[in-house]
Every structure is written in C-alpha cells, then in structure tokens.
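What follows is the content of structure07.txt (compact mmCIF, C-alpha atoms and all ligand atoms).
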# COMPACT_ATOMS: atom_id res chain seq x y z
CA MET A 666 -1.93 40.00 19.59
CA VAL A 667 1.07 40.76 17.36
CA LEU A 668 3.57 37.89 16.99
CA SER A 669 7.24 38.43 16.33
CA ARG A 670 8.41 37.00 13.00
CA ARG A 671 10.44 34.33 14.86
CA ALA A 672 7.42 33.26 16.95
CA ALA A 673 5.23 33.09 13.85
CA VAL A 674 7.78 30.90 12.05
CA ALA A 675 8.09 28.63 15.11
CA MET A 676 4.31 28.22 15.28
CA THR A 677 4.10 27.40 11.58
CA LEU A 678 6.87 24.80 11.90
CA ALA A 679 5.23 23.24 14.96
CA ALA A 680 1.89 23.07 13.15
CA SER A 681 3.41 21.50 10.03
CA SER A 682 5.40 18.89 11.99
CA ALA A 683 2.28 18.05 14.02
CA PHE A 684 0.45 17.63 10.72
CA ALA A 685 3.27 15.42 9.36
CA ALA A 686 3.14 13.24 12.48
CA GLU A 687 -0.58 12.79 12.01
CA ALA A 688 -0.55 12.12 8.26
CA PRO A 689 -1.83 8.56 7.75
CA THR A 690 0.24 5.90 6.03
CA VAL A 691 -1.04 5.43 2.49
CA ALA A 692 -1.60 2.13 0.69
CA LEU A 693 -2.63 1.86 -2.95
CA ILE A 694 -3.95 -1.60 -3.80
CA THR A 695 -4.76 -3.03 -7.24
CA GLY A 696 -7.62 -5.50 -7.67
CA ALA A 697 -9.04 -4.47 -4.30
CA ASN A 698 -12.70 -5.31 -4.93
CA ARG A 699 -12.52 -9.00 -4.00
CA GLY A 700 -10.32 -11.83 -2.79
CA ILE A 701 -6.92 -11.05 -1.32
CA GLY A 702 -6.95 -7.47 -2.62
CA PHE A 703 -10.14 -6.72 -0.73
CA GLU A 704 -8.59 -8.19 2.42
CA PHE A 705 -5.54 -5.95 1.95
CA ALA A 706 -7.86 -2.95 1.67
CA LYS A 707 -9.99 -3.95 4.67
CA GLN A 708 -7.11 -4.83 6.97
CA HIS A 709 -5.17 -1.68 6.12
CA ALA A 710 -8.30 0.43 6.62
CA GLU A 711 -8.73 -1.19 10.03
CA ARG A 712 -5.13 -0.23 10.85
CA GLY A 713 -5.95 3.40 10.13
CA TYR A 714 -4.17 3.63 6.79
CA ARG A 715 -5.43 5.85 4.03
CA VAL A 716 -6.40 3.24 1.42
CA ILE A 717 -6.64 3.98 -2.27
CA ALA A 718 -8.45 0.87 -3.44
CA THR A 719 -8.55 0.28 -7.16
CA ALA A 720 -11.06 -1.82 -9.05
CA ARG A 721 -11.82 -2.39 -12.71
CA ASP A 722 -15.49 -1.58 -12.16
CA PRO A 723 -16.11 0.46 -8.98
CA SER A 724 -19.87 0.50 -9.65
CA LYS A 725 -19.98 -3.27 -9.04
CA ALA A 726 -17.51 -3.24 -6.13
CA THR A 727 -20.18 -3.44 -3.46
CA ASP A 728 -17.92 -4.75 -0.67
CA LEU A 729 -15.44 -1.94 -1.34
CA GLN A 730 -18.23 0.63 -1.39
CA ALA A 731 -19.36 -0.60 2.04
CA LEU A 732 -15.75 -0.46 3.27
CA ALA A 733 -15.41 3.12 2.02
CA LYS A 734 -18.65 4.02 3.81
CA ALA A 735 -17.36 2.57 7.08
CA HIS A 736 -13.85 4.11 6.83
CA LYS A 737 -13.53 7.71 5.75
CA LEU A 738 -9.89 7.17 4.70
CA VAL A 739 -10.84 4.61 2.04
CA SER A 740 -11.31 5.88 -1.50
CA ILE A 741 -12.01 3.91 -4.66
CA GLU A 742 -10.37 4.50 -8.02
CA LYS A 743 -11.17 2.81 -11.32
CA LEU A 744 -8.18 0.98 -12.75
CA ASP A 745 -7.49 -1.86 -15.13
CA VAL A 746 -3.80 -2.71 -14.81
CA THR A 747 -3.60 -3.72 -18.47
CA ASP A 748 -4.52 -0.16 -19.45
CA LEU A 749 -1.15 1.57 -19.45
CA VAL A 750 -2.66 4.97 -20.30
CA ALA A 751 -5.06 4.67 -17.36
CA ILE A 752 -2.16 3.83 -15.03
CA ASP A 753 -0.36 7.02 -16.10
CA ALA A 754 -3.58 9.00 -15.69
CA LEU A 755 -4.10 7.74 -12.13
CA ALA A 756 -0.44 8.45 -11.29
CA ALA A 757 -0.93 12.01 -12.61
CA LYS A 758 -4.17 12.41 -10.64
CA LEU A 759 -2.35 11.34 -7.47
CA LYS A 760 0.74 13.45 -8.18
CA GLY A 761 2.07 14.80 -4.89
CA THR A 762 0.46 12.03 -2.83
CA PRO A 763 3.15 9.94 -1.10
CA ILE A 764 2.33 6.22 -1.34
CA ASP A 765 3.91 4.17 1.43
CA LEU A 766 2.72 0.79 0.17
CA LEU A 767 2.05 0.14 -3.48
CA VAL A 768 0.38 -3.27 -3.43
CA ASN A 769 0.53 -5.03 -6.80
CA ASN A 770 -2.14 -7.60 -6.12
CA ALA A 771 -4.34 -7.81 -9.24
CA GLY A 772 -3.75 -11.05 -11.06
CA ILE A 773 -5.41 -13.76 -13.12
CA GLY A 774 -4.75 -17.47 -13.41
CA GLY A 775 -5.92 -17.96 -16.99
CA GLY A 776 -7.84 -21.18 -16.29
CA GLY A 777 -6.19 -24.58 -16.00
CA ASN A 778 -7.75 -25.90 -19.22
CA ASN A 779 -6.28 -23.05 -21.29
CA GLN A 780 -2.73 -24.04 -20.50
CA ASN A 781 -2.39 -27.74 -21.26
CA PHE A 782 0.58 -28.45 -23.49
CA GLY A 783 -0.78 -29.24 -26.98
CA THR A 784 -3.82 -26.96 -26.69
CA ILE A 785 -2.42 -23.81 -25.16
CA ASN A 786 -4.68 -20.77 -25.60
CA TYR A 787 -2.30 -18.04 -26.64
CA ALA A 788 -4.87 -15.24 -26.45
CA VAL A 789 -5.38 -16.03 -22.76
CA PHE A 790 -1.59 -16.34 -22.38
CA ASP A 791 -1.34 -12.70 -23.61
CA ASP A 792 -3.98 -11.56 -21.10
CA VAL A 793 -2.17 -13.30 -18.25
CA MET A 794 1.19 -11.75 -19.15
CA LYS A 795 -0.34 -8.29 -19.56
CA THR A 796 -2.13 -8.50 -16.23
CA ASN A 797 0.43 -10.33 -14.11
CA VAL A 798 3.69 -9.00 -15.56
CA GLN A 799 3.21 -5.75 -17.48
CA GLY A 800 0.64 -4.49 -14.98
CA PRO A 801 2.83 -4.64 -11.85
CA LEU A 802 5.90 -3.37 -13.75
CA LYS A 803 4.03 -0.41 -15.22
CA MET A 804 2.35 0.37 -11.86
CA THR A 805 5.74 0.33 -10.16
CA GLU A 806 7.22 2.56 -12.86
CA ALA A 807 4.36 5.06 -12.86
CA PHE A 808 4.06 5.30 -9.08
CA MET A 809 7.77 5.25 -8.21
CA PRO A 810 7.83 9.04 -7.54
CA HIS A 811 4.91 8.64 -5.12
CA VAL A 812 6.64 5.72 -3.35
CA MET A 813 9.96 7.58 -3.18
CA ALA A 814 8.21 10.53 -1.57
CA SER A 815 6.72 8.34 1.17
CA ARG A 816 7.96 7.29 4.59
CA LEU A 817 7.86 3.48 4.20
CA LYS A 818 8.86 3.29 0.53
CA LYS A 819 7.56 -0.26 -0.03
CA VAL A 820 6.38 -1.78 -3.27
CA VAL A 821 4.56 -5.05 -2.63
CA LEU A 822 4.26 -7.82 -5.19
CA VAL A 823 1.73 -10.54 -4.52
CA THR A 824 3.58 -13.38 -6.17
CA SER A 825 3.27 -17.16 -6.02
CA SER A 826 5.42 -20.19 -5.30
CA GLN A 827 4.12 -21.34 -8.73
CA GLY A 828 6.69 -18.93 -10.17
CA SER A 829 9.56 -20.79 -8.54
CA ILE A 830 11.52 -22.50 -11.34
CA ALA A 831 13.56 -24.50 -8.83
CA SER A 832 10.43 -25.97 -7.20
CA VAL A 833 8.56 -27.17 -10.29
CA ASN A 834 8.35 -30.96 -10.42
CA ARG A 835 5.31 -31.67 -12.60
CA PRO A 836 3.89 -29.80 -15.59
CA SER A 837 0.93 -27.53 -14.93
CA LEU A 838 -0.25 -23.93 -15.35
CA TYR A 839 2.29 -23.20 -18.09
CA PHE A 840 1.68 -19.51 -18.53
CA TYR A 841 0.47 -18.64 -15.03
CA ARG A 842 3.71 -20.07 -13.67
CA ALA A 843 5.70 -18.28 -16.39
CA SER A 844 3.96 -15.00 -15.53
CA LYS A 845 4.92 -15.19 -11.86
CA SER A 846 8.55 -16.12 -12.70
CA ALA A 847 8.63 -13.19 -15.13
CA VAL A 848 7.15 -10.63 -12.76
CA ASN A 849 9.57 -11.72 -10.03
CA MET A 850 12.45 -11.10 -12.43
CA ALA A 851 11.05 -7.76 -13.66
CA LEU A 852 10.63 -6.44 -10.12
CA ARG A 853 13.98 -7.84 -9.02
CA ASN A 854 15.46 -5.55 -11.65
CA VAL A 855 13.47 -2.65 -10.25
CA ALA A 856 14.73 -3.52 -6.76
CA LEU A 857 18.31 -3.11 -7.96
CA ALA A 858 17.47 0.17 -9.71
CA VAL A 859 15.85 1.80 -6.67
CA LYS A 860 17.81 0.30 -3.78
CA ASP A 861 19.94 3.40 -3.33
CA LYS A 862 16.76 5.47 -3.09
CA GLY A 863 15.62 3.43 -0.09
CA VAL A 864 12.75 1.74 -1.95
CA MET A 865 12.10 -1.94 -1.14
CA ILE A 866 10.29 -4.52 -3.24
CA CYS A 867 8.49 -6.85 -0.84
CA MET A 868 7.53 -10.10 -2.57
CA VAL A 869 4.95 -12.11 -0.68
CA ALA A 870 2.90 -15.16 -1.64
CA PRO A 871 -0.42 -16.22 -0.10
CA GLY A 872 -0.16 -19.95 -0.80
CA ALA A 873 -3.27 -21.77 -2.01
CA THR A 874 -6.07 -19.52 -0.75
CA ASP A 875 -9.84 -19.83 -0.96
CA THR A 876 -10.77 -17.03 -3.36
CA ASP A 877 -12.55 -17.04 -6.74
CA PHE A 878 -9.07 -17.56 -8.19
CA MET A 879 -9.13 -21.13 -6.87
CA ALA A 880 -12.76 -21.91 -7.76
CA GLU A 881 -11.65 -24.64 -10.19
CA VAL A 882 -9.86 -26.62 -7.48
CA ARG A 883 -12.05 -25.81 -4.47
CA GLY A 884 -12.83 -29.05 -2.63
CA ARG A 885 -9.91 -30.88 -4.23
CA MET A 886 -7.10 -29.40 -2.15
CA PRO A 887 -6.75 -27.58 1.18
CA LEU A 888 -7.17 -23.82 0.81
CA GLY A 889 -6.26 -21.14 3.32
CA ASN A 890 -8.63 -18.50 4.58
CA PRO A 891 -8.15 -15.19 2.67
CA ALA A 892 -8.31 -13.02 5.82
CA ASP A 893 -5.71 -15.16 7.64
CA ARG A 894 -3.37 -15.42 4.66
CA THR A 895 -3.54 -11.66 4.04
CA LYS A 896 -2.88 -10.96 7.71
CA ALA A 897 0.19 -13.20 7.51
CA MET A 898 1.42 -11.39 4.39
CA ILE A 899 0.89 -8.00 6.05
CA GLY A 900 3.07 -9.26 8.92
CA LEU A 901 5.79 -10.10 6.38
CA ILE A 902 5.45 -6.71 4.68
CA ASP A 903 5.79 -4.98 8.06
CA LYS A 904 9.05 -6.87 8.59
CA CYS A 905 10.30 -6.33 5.03
CA THR A 906 13.66 -4.56 5.07
CA MET A 907 16.28 -3.74 2.46
CA GLU A 908 17.94 -7.11 3.19
CA LEU A 909 14.72 -8.79 2.03
CA THR A 910 14.15 -6.68 -1.06
CA ALA A 911 13.11 -8.88 -4.01
CA VAL A 912 13.22 -12.06 -1.94
CA PRO A 913 9.98 -14.00 -2.54
CA ILE A 914 8.53 -15.18 0.77
CA GLU A 915 5.62 -17.56 1.34
CA TRP A 916 2.87 -16.46 3.77
CA ASP A 917 4.29 -18.78 6.46
CA GLY A 918 7.68 -17.05 6.34
CA THR A 919 9.59 -19.58 4.24
CA THR A 920 11.76 -18.24 1.44
CA ILE A 921 10.64 -19.33 -2.01
CA PRO A 922 13.58 -20.52 -4.12
CA TRP A 923 14.09 -18.78 -7.46
N1 LIG A 1001 -5.74 -17.44 -4.38
C1 LIG A 1001 -4.59 -18.11 -4.44
O1 LIG A 1001 -4.54 -19.33 -4.13
C2 LIG A 1001 -3.32 -17.44 -4.88
C3 LIG A 1001 -2.11 -18.13 -4.71
C4 LIG A 1001 -0.91 -17.51 -5.08
C5 LIG A 1001 -0.94 -16.22 -5.58
N2 LIG A 1001 -2.14 -15.58 -5.73
C6 LIG A 1001 -2.10 -14.21 -6.27
O2 LIG A 1001 -2.84 -13.35 -5.44
C7 LIG A 1001 -3.34 -12.25 -6.19
C8 LIG A 1001 -4.82 -12.05 -5.87
O3 LIG A 1001 -5.50 -13.24 -6.20
P1 LIG A 1001 -6.91 -13.62 -5.58
O4 LIG A 1001 -6.80 -15.01 -5.08
O5 LIG A 1001 -7.42 -12.57 -4.67
O6 LIG A 1001 -7.78 -13.64 -6.93
P2 LIG A 1001 -9.29 -13.21 -7.22
O7 LIG A 1001 -10.15 -13.48 -6.05
O8 LIG A 1001 -9.61 -13.86 -8.52
O9 LIG A 1001 -9.18 -11.61 -7.41
C9 LIG A 1001 -8.40 -11.10 -8.44
C10 LIG A 1001 -8.48 -9.59 -8.39
O10 LIG A 1001 -7.66 -9.08 -9.45
C11 LIG A 1001 -8.46 -8.20 -10.22
N3 LIG A 1001 -8.02 -8.12 -11.60
C12 LIG A 1001 -7.92 -9.10 -12.52
N4 LIG A 1001 -7.51 -8.60 -13.69
C13 LIG A 1001 -7.33 -7.27 -13.50
C14 LIG A 1001 -6.92 -6.19 -14.31
N5 LIG A 1001 -6.61 -6.37 -15.60
N6 LIG A 1001 -6.85 -4.94 -13.77
C15 LIG A 1001 -7.16 -4.74 -12.48
N7 LIG A 1001 -7.59 -5.71 -11.66
C16 LIG A 1001 -7.66 -6.95 -12.16
C17 LIG A 1001 -9.87 -8.74 -10.12
O11 LIG A 1001 -10.79 -7.76 -10.52
P3 LIG A 1001 -12.22 -8.14 -11.21
O12 LIG A 1001 -13.17 -8.39 -10.08
O13 LIG A 1001 -12.54 -6.93 -12.01
O14 LIG A 1001 -12.00 -9.36 -12.05
C18 LIG A 1001 -9.90 -9.06 -8.64
O15 LIG A 1001 -10.10 -7.90 -7.90
C19 LIG A 1001 -3.05 -12.59 -7.65
O16 LIG A 1001 -1.91 -11.87 -8.09
C20 LIG A 1001 -2.75 -14.08 -7.64
O17 LIG A 1001 -1.87 -14.46 -8.67
C21 LIG A 1001 -3.32 -16.14 -5.39
Starting from the file, lay out its structure as structure tokens.
Amino acid sequence: MVLSRRAAVAMTLAASSAFAAEAPTVALITGANRGIGFEFAKQHAERGYRVIATARDPSKATDLQALAKAHKLVSIEKLDVTDLVAIDALAAKLKGTPIDLLVNNAGIGGGGNNQNFGTINYAVFDDVMKTNVQGPLKMTEAFMPHVMASRLKKVVLVTSSQGSIASVNRPSLYFYRASKSAVNMALRNVALAVKDKGVMICMVAPGATDTDFMAEVRGRMPLGNPADRTKAMIGLIDKCTMELTAVPIEWDGTTIPW
C-alpha cells in the first residue's frame, strides 16, 4: 500500500501524540532508599509514575531494589547530594528526560547532642548545611532544564516546621533548624526566578515522623506513620499551584509561618 505524503504525516502525528499521551509522569527522588524518600518512591511507583530513585549506595538499598523488581518503571541511580560533580553528571546522563516532580527529600538532622550551644560540632554543622541546603539548591539548578521540559513542572522541597523562625520558642537543633530556614530561603529565590517559566516550588513538611531520622526521640514524643505522612504530602503536592509556590505547608495542610 502506498500512502500519500499527507496521510503519512497524519499517521506519524497521530502516533506521536498517542505516545505523548501515554508517556508516564516522571519523579526523581533524592534519598529514596529509606524513610520518607522510600515512601515517595513506592507511592509514586504505585501511581504508575516513572520513578528515578536515587540513593547514596544502591548496592545496600534492598527495599528499593525490591521496588524496582516489582515496578518496571522504577530505576535506581547512585547519588550523594553533597557531591556537586555527581549531580551535574546525573543531570547530563538524564539530559532530554523531562522530570515532572523533582523531589528534594534527602536530609540529615546532625544529632541533637552535636548542636547544644556551648559545644556545637561545626564539622557536623558543615555536613548538615551541605546536605540540607546546598544539595537541594544544586539539584534544583542542575535539573531545572528537565523540570522546565516536563508537563507538571514541580520542584518539591521536603522541609520542616523546625525551619520556621516565627515559631521557635525554645532553643534546640541549632543548625538543623538553620538549615531548613536557609533552604526555604534559597528555594524561595528560585521560585521567583522560574515563576514566569511555569515552574512551581512545592514546600511540604512531614511533621514528626517515625523514621530513622527520629530514632533519638522515638518513644518520647508522638510520631506519625511514614506512609501516611508521605501520602498526605503527595496530596499537597498534587494541589500545589503557582499561588502556593514557595509557601511551606505542613502535612496536615496548615501553612508554616516564615
Ligand atoms: N522524620 C521526621 O520527623 C522529619 C520531620 C521534618 C522533616 N523531615 C525531613 O524529611 C526528609 C527525609 O527524612 P527522613 O525522616 O526520611 O530521614 P531518614 O529516614 O533518616 O532518611 C534520610 C534519607 O536521606 C538520605 N541522605 C542523607 N544524606 C544524604 C546525602 N548526602 N546524599 C543523598 N542522600 C542522603 C539517606 O541516605 P542514606 O541511607 O545513605 O543515609 C536517607 O535515604 C529530610 O529532609 C528531613 O529533614 C523529617
């Protein structure tokens, strides 16, 4: 059968738009091997997203490996968010891949005992700032072309009410709190820079959640279930619009004051 040129073009267009309609939404998640990051990976995989799950040591990420086995759209990439060269390398490797949701989740607390005034551990302070502030900013910078090329155009920051300067009423967690205030400010700047490109920065906070992160205080305060808290944050991200760009929101929907 010989097709006219017009018919051939029409068929090609139909095929490419059918392909576009079927292309899965893509989420790239940092620190996806455990805790809240793993829940983000799992719940997005269950929604049919293509998930690019990053971990510092994929060989030890057994839960992620099992997830990738169960969901063919889950892939695992090695990434330490303090390694700026590695971030650029992953962005280059994924060049041309639209990323709908860039989830800046990886974070560390630094340990309560390292941040008591009088005996502050400044080496740990550096690690916390590199991981919690530089990491998300560099990720957002390196992957902005991928986000801009996507349909949803959402950068997610997993922040914390501990970063709320207005809410602090007793001294604690000096540099963890400072890191979350700082990353909120850094990504608020990004929000202003990319607003006219249609990119949103969705800031969500899980509240006190029962992950390894809270091992020091487990049993001493109520902790939320990681699956439930992540589900709640995903609901907020779904509803995130340009009006809510760079507005930190707690998992239960309340706005966190700056
Ligand atoms: N849990 C809470 O109560 C709570 C409350 C408010 C906010 N948050 C925020 O929620 C986010 C996730 O915390 P979580 O509770 O899930 O903590 P978690 O269970 O301790 O998990 C932290 C994740 O971050 C990864 N990570 C740490 N440093 C990294 C680095 N340099 N590069 C790449 N990945 C790194 C860890 O990887 P490894 O396995 O390699 O260490 C792990 O996958 C953090 O940003 C945290 O600040 C948590």
Shell of 6 Å around ligand LIG 1001 (chain A) (all atoms listed in the file), written as a VMD selection string | chain A and resid 695 to 702 720 to 721 744 to 747 770 to 773 796 823 to 825 870 to 879
Those same residues - C-alpha atoms - I'd like them written as a PDB file, in the frame of the given file.
ATOM      1  CA  THR A 695      -4.760  -3.030  -7.240  1.00  0.00           C
ATOM      2  CA  GLY A 696      -7.620  -5.500  -7.670  1.00  0.00           C
ATOM      3  CA  ALA A 697      -9.040  -4.470  -4.300  1.00  0.00           C
ATOM      4  CA  ASN A 698     -12.700  -5.310  -4.930  1.00  0.00           C
ATOM      5  CA  ARG A 699     -12.520  -9.000  -4.000  1.00  0.00           C
ATOM      6  CA  GLY A 700     -10.320 -11.830  -2.790  1.00  0.00           C
ATOM      7  CA  ILE A 701      -6.920 -11.050  -1.320  1.00  0.00           C
ATOM      8  CA  GLY A 702      -6.950  -7.470  -2.620  1.00  0.00           C
ATOM      9  CA  ALA A 720     -11.060  -1.820  -9.050  1.00  0.00           C
ATOM     10  CA  ARG A 721     -11.820  -2.390 -12.710  1.00  0.00           C
ATOM     11  CA  LEU A 744      -8.180   0.980 -12.750  1.00  0.00           C
ATOM     12  CA  ASP A 745      -7.490  -1.860 -15.130  1.00  0.00           C
ATOM     13  CA  VAL A 746      -3.800  -2.710 -14.810  1.00  0.00           C
ATOM     14  CA  THR A 747      -3.600  -3.720 -18.470  1.00  0.00           C
ATOM     15  CA  ASN A 770      -2.140  -7.600  -6.120  1.00  0.00           C
ATOM     16  CA  ALA A 771      -4.340  -7.810  -9.240  1.00  0.00           C
ATOM     17  CA  GLY A 772      -3.750 -11.050 -11.060  1.00  0.00           C
ATOM     18  CA  ILE A 773      -5.410 -13.760 -13.120  1.00  0.00           C
ATOM     19  CA  THR A 796      -2.130  -8.500 -16.230  1.00  0.00           C
ATOM     20  CA  VAL A 823       1.730 -10.540  -4.520  1.00  0.00           C
ATOM     21  CA  THR A 824       3.580 -13.380  -6.170  1.00  0.00           C
ATOM     22  CA  SER A 825       3.270 -17.160  -6.020  1.00  0.00           C
ATOM     23  CA  ALA A 870       2.900 -15.160  -1.640  1.00  0.00           C
ATOM     24  CA  PRO A 871      -0.420 -16.220  -0.100  1.00  0.00           C
ATOM     25  CA  GLY A 872      -0.160 -19.950  -0.800  1.00  0.00           C
ATOM     26  CA  ALA A 873      -3.270 -21.770  -2.010  1.00  0.00           C
ATOM     27  CA  THR A 874      -6.070 -19.520  -0.750  1.00  0.00           C
ATOM     28  CA  ASP A 875      -9.840 -19.830  -0.960  1.00  0.00           C
ATOM     29  CA  THR A 876     -10.770 -17.030  -3.360  1.00  0.00           C
ATOM     30  CA  ASP A 877     -12.550 -17.040  -6.740  1.00  0.00           C
ATOM     31  CA  PHE A 878      -9.070 -17.560  -8.190  1.00  0.00           C
ATOM     32  CA  MET A 879      -9.130 -21.130  -6.870  1.00  0.00           C
TER      33      MET A 879
END
Can you tell me, as a ChimeraX atom specification, which residues sit within 10 Å of (-6.8, 8.7, 4.1) in the file's frame, using only C-alpha atoms?
-> /A:688-692,710,713-717,736-740
Protein, DNA and RNA residues within 9 Å of (8.3, -11.8, -5.0), all atoms listed in the file, as a list in words =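 Final list of nearby residues, as requested, is Val821, Leu822, Val823, Thr824, Ser825, Ser826, Gly828, Lys845, Ser846, Val848, Asn849, Met850, Leu852, Arg853, Ile866, Cys867, Met868, Val869, Ala870, Thr910, Ala911, Val912, Pro913, Ile914, Glu915 and Ile921 of chain A.
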Choose the residue, out of A:Lys725, A:Arg894, A:Lys819, A:His811, that has the smallest atom-to-atom separation from Lys860 (chain A); count only C-alpha atoms.
-> A:Lys819
Using CA of Gln780 (chain A) and CA of Pro836 (chain A) as the two end points, give the distance in Å to one decimal.
->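 Value for the CA of Gln780 (chain A)-CA of Pro836 (chain A) distance: 10.1 Å.
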Provide region 837-851 of chain A of the preceding structure as a file containing N, CA and C atoms, as an mmCIF file, in the first residue's frame.
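For reference, part-v7.cif as written:
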data_model
loop_
_atom_site.group_PDB
_atom_site.id
_atom_site.type_symbol
_atom_site.label_atom_id
_atom_site.label_comp_id
_atom_site.auth_asym_id
_atom_site.auth_seq_id
_atom_site.Cartn_x
_atom_site.Cartn_y
_atom_site.Cartn_z
ATOM 1 N N SER A 837 16.874 24.737 70.473
ATOM 2 C CA SER A 837 17.103 23.323 70.161
ATOM 3 C C SER A 837 17.583 23.219 68.721
ATOM 4 N N LEU A 838 18.254 22.168 68.378
ATOM 5 C CA LEU A 838 18.600 21.834 66.991
ATOM 6 C C LEU A 838 19.107 23.056 66.209
ATOM 7 N N TYR A 839 20.139 23.703 66.758
ATOM 8 C CA TYR A 839 20.598 24.984 66.201
ATOM 9 C C TYR A 839 20.835 24.926 64.695
ATOM 10 N N PHE A 840 21.638 23.960 64.261
ATOM 11 C CA PHE A 840 21.961 24.013 62.827
ATOM 12 C C PHE A 840 20.966 23.265 61.958
ATOM 13 N N TYR A 841 20.274 22.279 62.503
ATOM 14 C CA TYR A 841 19.220 21.648 61.677
ATOM 15 C C TYR A 841 18.145 22.691 61.370
ATOM 16 N N ARG A 842 17.738 23.413 62.412
ATOM 17 C CA ARG A 842 16.724 24.456 62.188
ATOM 18 C C ARG A 842 17.239 25.495 61.196
ATOM 19 N N ALA A 843 18.505 25.919 61.390
ATOM 20 C CA ALA A 843 19.091 26.928 60.489
ATOM 21 C C ALA A 843 19.109 26.403 59.049
ATOM 22 N N SER A 844 19.387 25.114 58.899
ATOM 23 C CA SER A 844 19.470 24.557 57.533
ATOM 24 C C SER A 844 18.109 24.594 56.837
ATOM 25 N N LYS A 845 17.052 24.334 57.584
ATOM 26 C CA LYS A 845 15.726 24.322 56.939
ATOM 27 C C LYS A 845 15.247 25.759 56.670
ATOM 28 N N SER A 846 15.592 26.717 57.559
ATOM 29 C CA SER A 846 15.288 28.129 57.246
ATOM 30 C C SER A 846 16.035 28.533 55.976
ATOM 31 N N ALA A 847 17.308 28.133 55.911
ATOM 32 C CA ALA A 847 18.158 28.551 54.781
ATOM 33 C C ALA A 847 17.680 27.932 53.470
ATOM 34 N N VAL A 848 17.319 26.670 53.498
ATOM 35 C CA VAL A 848 16.907 26.044 52.227
ATOM 36 C C VAL A 848 15.561 26.613 51.777
ATOM 37 N N ASN A 849 14.699 26.946 52.748
ATOM 38 C CA ASN A 849 13.437 27.597 52.363
ATOM 39 C C ASN A 849 13.731 28.907 51.633
ATOM 40 N N MET A 850 14.665 29.681 52.177
ATOM 41 C CA MET A 850 15.001 30.970 51.564
ATOM 42 C C MET A 850 15.646 30.764 50.189
ATOM 43 N N ALA A 851 16.572 29.814 50.104
ATOM 44 C CA ALA A 851 17.252 29.570 48.814
ATOM 45 C C ALA A 851 16.226 29.206 47.740
#
